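Have a look at the structure below, then the notes.
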Amino acid sequence: MSEQDRTAVGFRAGLEDDAQWLNDLKRRRNPGPRSVHHRAVDPSLGAATVAVHGGTYEDPVTGAVGTPVFQTSTFLLDDLSYSAFERGATRDVPIYTRYGNPSQWSVQEKAAALEGAESALVTSSGMSAIASTIYALTNNGSHIVTAYDVYGGTYNLMREDMPSAGREVTFVDSTDLAAVEAAIRPETQLLFFESLTNPLLKAPQLRAIADIAKRHDALLVVDNTFLSPVNLRPLDLGADVVVHSATKYLNGHSDVTAGVVAGSRKFVDRVWAQALRFGGTTEPLACYLLERGLKTLALRMRAHNDNAERLAAFLDGHEKVLAVHHPSLDHYPHQHLREDVLGGYGGMVAFEVAGGDDAALKFCSALRIPYLATSLGGVESLVSLPFNTSHCSLTTAQRASIGIRPGLVRYSAGVERAEDLVADVARALETI
Amino acid sequence: MRNGFSVSSSSEFVNEIRDDAREALFHYHATACFRPGRGLRAWTRPAILGRIKSARRFALDLADGWQDHPADPQPQEHTPLDLALAAVGVCSLKTAIAGGSARGITFDSIEMVVSAEVQPQEEDFLPTARVRRIAYDITTRSDADAGLIEEVTRQILDRSPNHRTVKDTTELHFHAGERELGWSPAAIPAGASGGRTVRRHVKWISGTQFESAGLDAGGCRLPLRVDEAKQFAGVDWAPNPQEYVVLALAAELASLAAREQEAATGSAGTWSVHAHGLLDLRGLMLVDPAAAVGFQTIGCTVDRPAGLGADEADRYFRTAVERSALVELLALPHPVEVRLSSDERETLRAAAGR
Ligand SMILES: Cc1ncc(COP(=O)(O)O)c(C=O)c1O
């Protein structure tokens, strides 16, 4: 077991300065923060291995195999803490849980390794991750380009909070590259897109959008909630920062609300500073649950991917189903996604049943396995209708204009046996 | 945090630009517009800080020096020269604080009076007064002994970018659209001196935040705020010292070009000037001895008034460039005297003539 050292690796290098001028300063940005007790896995290992082992806190005192829950709001001060304060390096020493806690570092290390990032930040919700990221990476007077069909919470943040914070926002069709490029202005600092959209599973061309962003000195932030790093790694495609509602697949058990931000240490440090001022801290107990959930991410994603594909294949062509939206289908319009994904397309399937919203409601109440609930990404299948949940604030005409037609059902396939889910859906369709 | 600065962030930045020179190149942009009857306005445009953009939305109404009459006994608007002097003063103090912070010095205060001896205006209409020499009266209070603080403060003579631009010869370029306009700086008239002195007080607040107020009766005494982008240790409170240089230059040239047009034709149109400059932080941070310390590659592009022919517009603009006090201040070397003191009260009182 290693000698005890609670500070982040690299922190002490910055303390040896005997600087005559700025060029003598030694501290560099290091991956992490992680202490010597946080397991750093070889990033070339498979996602399944990284998910199990990345970031585990190997306790030097007890030899515990699992990360202890550091359920504390504050930590003893010592000379290293004071040095961290003096040098503005408080992300590197556990001082106060809103600033950092070894339980958070464990989850962060695991999430960073999965996304292929230098650093990650765990936050109290997906929205906290998104709000902190957008705010930190833009300035007063800047301009943001995003999709008109981003997740409702993100849309509301963009539409209701950004203008008064001095950020203008243009909403575009994220699958229309020309529209994305045309929206760019000299002051555009940030492009924000989802790797797969809700509920129609549209996929923007992230590589091409990353090129556009670079050409205009703007940053690309990708919400990778719907695919998870097992299926797609936006940083590998050129994104600068990835955000997640970890409430969904990353945690995977519908029992935690959390968010993740991953990217270079340079950018994530800035988001960290923002998040700690906004107060979006993740409780150590939630970190424990999230870390435990993450260990099975690769296993779970395989089941989600398979189940959704099986459901999509069954639904496509069914006489009571007018349309099916799933990337595995031949008629799926965003074929480039096949090149970009690593595993599959996640657990979401959207489909339109014949008979409109009344028929959809009837269908949902006839289902026996999934729960009728919003959210997604848990081990249990969930089903909901956009018209009376996520998109209820739009008129029927507005919904139709973005492709949400009457009868649309959003199905989040869990990890149950595929045959059971298909049989359940088949039976429910018979009732309409 | 030391002096409101994160030494860790400075250290990370130094090591980042050591590995990747592109991250050291900071491009600053400003535009100024003179509109007849409306006056002179200048604003910053997005800066490119290495590979990151920062929107930088700051705008100032400025004194144009010839339309603003009768002379207001308590002017509310700064002149382009006010901006330039604040820019030089703040940049120098910031260099001392950044260097001192790296060295472990804790400052209680650091401030200066920057004074510029300007020549009497050469021609009655020229709303610009050429700077002959500059002096910094710097006072500090810190936990360092007098020898160390003197050493650190004297380092600004080599390492403060705006100071170096004033002290050294710096290349300036001017364009009308795509065309580069040739120009030659007007020679400094021999022995010319002793017009009047323009003085500004420059005071450090914390981190990268400063304020600078005019000290002269008859000048604008309102404080100018100075800060850095939040991507570079600041809090987006105000333009930074390099932005004040491009703001001042663009503003003076827009105003002068309009003045030339009016002198020749009896009326002036709307003139816009876009100014740009490059700061290579490898210079100031001594990461690469070949990198220039000074704020450099300064250039302006003019948009001529609607309805004015290109040749005529070029003529007015070129004359504006050749007569501009700020072009001369930036392009040609100027002597700078530095006086240090640790008894700030006495020095400031003396300098302020109070
Ligand atoms: C794509 C996407 N992003 C962000 C969020 C917000 O996450 P949270 O609910 O954890 O704040 C959600 C939640 O549904 C989502 O679906």
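Convention: chains lettered A, B, ... in structure tokens order; per-chain residue numbering from 1; ligands numbered from 1 as shown.
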
Neighbouring residues of ligand 1 are defined here as those with any atom at most 9 Å from a ligand atom, counting only C-alpha atoms and all ligand atoms; list them as a VMD selection string. chain A and resid 124 to 130 150 to 154 194 to 198 223 to 226 243 to 248 256 to 259 374 to 376 390

Considering only C-alpha atoms, tabulate each residue of chain A that lies at most 9 Å from chain B along with its nearest interatomic pair and the corresponding distance in Å to one decimal; arrange the rows by chain and ascending residue number and present them as JSON lines.
{"residue": "A:Gly14", "atom": "CA", "partner": "B:Ser8", "partner_atom": "CA", "distance": 7.3}
{"residue": "A:Asp17", "atom": "CA", "partner": "B:Ala102", "partner_atom": "CA", "distance": 8.6}
{"residue": "A:Asp18", "atom": "CA", "partner": "B:Arg103", "partner_atom": "CA", "distance": 7.4}
{"residue": "A:Ala19", "atom": "CA", "partner": "B:Arg103", "partner_atom": "CA", "distance": 5.5}
{"residue": "A:Gln20", "atom": "CA", "partner": "B:Arg103", "partner_atom": "CA", "distance": 5.8}
{"residue": "A:Trp21", "atom": "CA", "partner": "B:Gly99", "partner_atom": "CA", "distance": 5.6}
{"residue": "A:Leu22", "atom": "CA", "partner": "B:Met285", "partner_atom": "CA", "distance": 5.6}
{"residue": "A:Asn23", "atom": "CA", "partner": "B:Met285", "partner_atom": "CA", "distance": 5.7}
{"residue": "A:Asp24", "atom": "CA", "partner": "B:Ser11", "partner_atom": "CA", "distance": 8.3}
{"residue": "A:Leu25", "atom": "CA", "partner": "B:Ser11", "partner_atom": "CA", "distance": 5.0}
{"residue": "A:Lys26", "atom": "CA", "partner": "B:Ser11", "partner_atom": "CA", "distance": 6.2}
{"residue": "A:Arg27", "atom": "CA", "partner": "B:Ser11", "partner_atom": "CA", "distance": 5.4}
{"residue": "A:Arg28", "atom": "CA", "partner": "B:Glu12", "partner_atom": "CA", "distance": 4.6}
{"residue": "A:Arg29", "atom": "CA", "partner": "B:Glu12", "partner_atom": "CA", "distance": 5.7}
{"residue": "A:Ala84", "atom": "CA", "partner": "B:Met1", "partner_atom": "CA", "distance": 8.3}
{"residue": "A:Phe85", "atom": "CA", "partner": "B:Met1", "partner_atom": "CA", "distance": 5.9}
{"residue": "A:Glu86", "atom": "CA", "partner": "B:Met1", "partner_atom": "CA", "distance": 4.4}
{"residue": "A:Arg87", "atom": "CA", "partner": "B:Met1", "partner_atom": "CA", "distance": 5.0}
{"residue": "A:Gly88", "atom": "CA", "partner": "B:Ser6", "partner_atom": "CA", "distance": 4.5}
{"residue": "A:Ala89", "atom": "CA", "partner": "B:Ser8", "partner_atom": "CA", "distance": 6.0}
{"residue": "A:Ala136", "atom": "CA", "partner": "B:Lys230", "partner_atom": "CA", "distance": 9.0}
{"residue": "A:Leu137", "atom": "CA", "partner": "B:Gln231", "partner_atom": "CA", "distance": 8.5}
{"residue": "A:Thr138", "atom": "CA", "partner": "B:Ser54", "partner_atom": "CA", "distance": 7.2}
{"residue": "A:Asn139", "atom": "CA", "partner": "B:Ala55", "partner_atom": "CA", "distance": 5.8}
{"residue": "A:Asn140", "atom": "CA", "partner": "B:Arg57", "partner_atom": "CA", "distance": 6.6}
{"residue": "A:Gly141", "atom": "CA", "partner": "B:Arg57", "partner_atom": "CA", "distance": 5.1}
{"residue": "A:Ser142", "atom": "CA", "partner": "B:Ala55", "partner_atom": "CA", "distance": 4.9}
{"residue": "A:His143", "atom": "CA", "partner": "B:Ala55", "partner_atom": "CA", "distance": 8.2}
{"residue": "A:Pro186", "atom": "CA", "partner": "B:Pro46", "partner_atom": "CA", "distance": 7.1}
{"residue": "A:Glu187", "atom": "CA", "partner": "B:Ala55", "partner_atom": "CA", "distance": 5.4}
{"residue": "A:Thr188", "atom": "CA", "partner": "B:Ala55", "partner_atom": "CA", "distance": 7.8}
{"residue": "A:Gln189", "atom": "CA", "partner": "B:Lys53", "partner_atom": "CA", "distance": 6.1}
{"residue": "A:Lys214", "atom": "CA", "partner": "B:Arg51", "partner_atom": "CA", "distance": 8.7}
{"residue": "A:His216", "atom": "CA", "partner": "B:Lys53", "partner_atom": "CA", "distance": 8.7}
{"residue": "A:Asp217", "atom": "CA", "partner": "B:Lys53", "partner_atom": "CA", "distance": 5.8}
{"residue": "A:Ala218", "atom": "CA", "partner": "B:Lys53", "partner_atom": "CA", "distance": 6.5}
{"residue": "A:Leu219", "atom": "CA", "partner": "B:Ile52", "partner_atom": "CA", "distance": 7.8}
{"residue": "A:Lys266", "atom": "CA", "partner": "B:Glu12", "partner_atom": "CA", "distance": 8.9}
{"residue": "A:Arg270", "atom": "CA", "partner": "B:Gln231", "partner_atom": "CA", "distance": 8.5}

Quick one: everything within 8 Å of range 351-364 of chain A, counting only C-alpha atoms, minus sequence neighbours fewer than 3 positions away in the same chain. Send it as JSON, numbers by chain. {"A": [315, 320, 321, 322, 323, 324, 325, 367, 372, 383, 384, 385, 387, 405, 406, 407, 408, 409, 410, 428, 429, 431, 432]}

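Excluding Val172 in chain A and any residue on its chain fewer than 5 positions from it, the residues at most 7 Å away by only C-alpha atoms are Thr146, Ala147, Tyr148, Ala179 and Val180 of chain A.
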
If DSSP is run on the backbone, what residues of range 13-131 of chain A are helix (DSSP H, G or I)? A reply as a ChimeraX atom specification would be ideal. /A:13-15,22-24,47-53,79-87,102-115,126-131
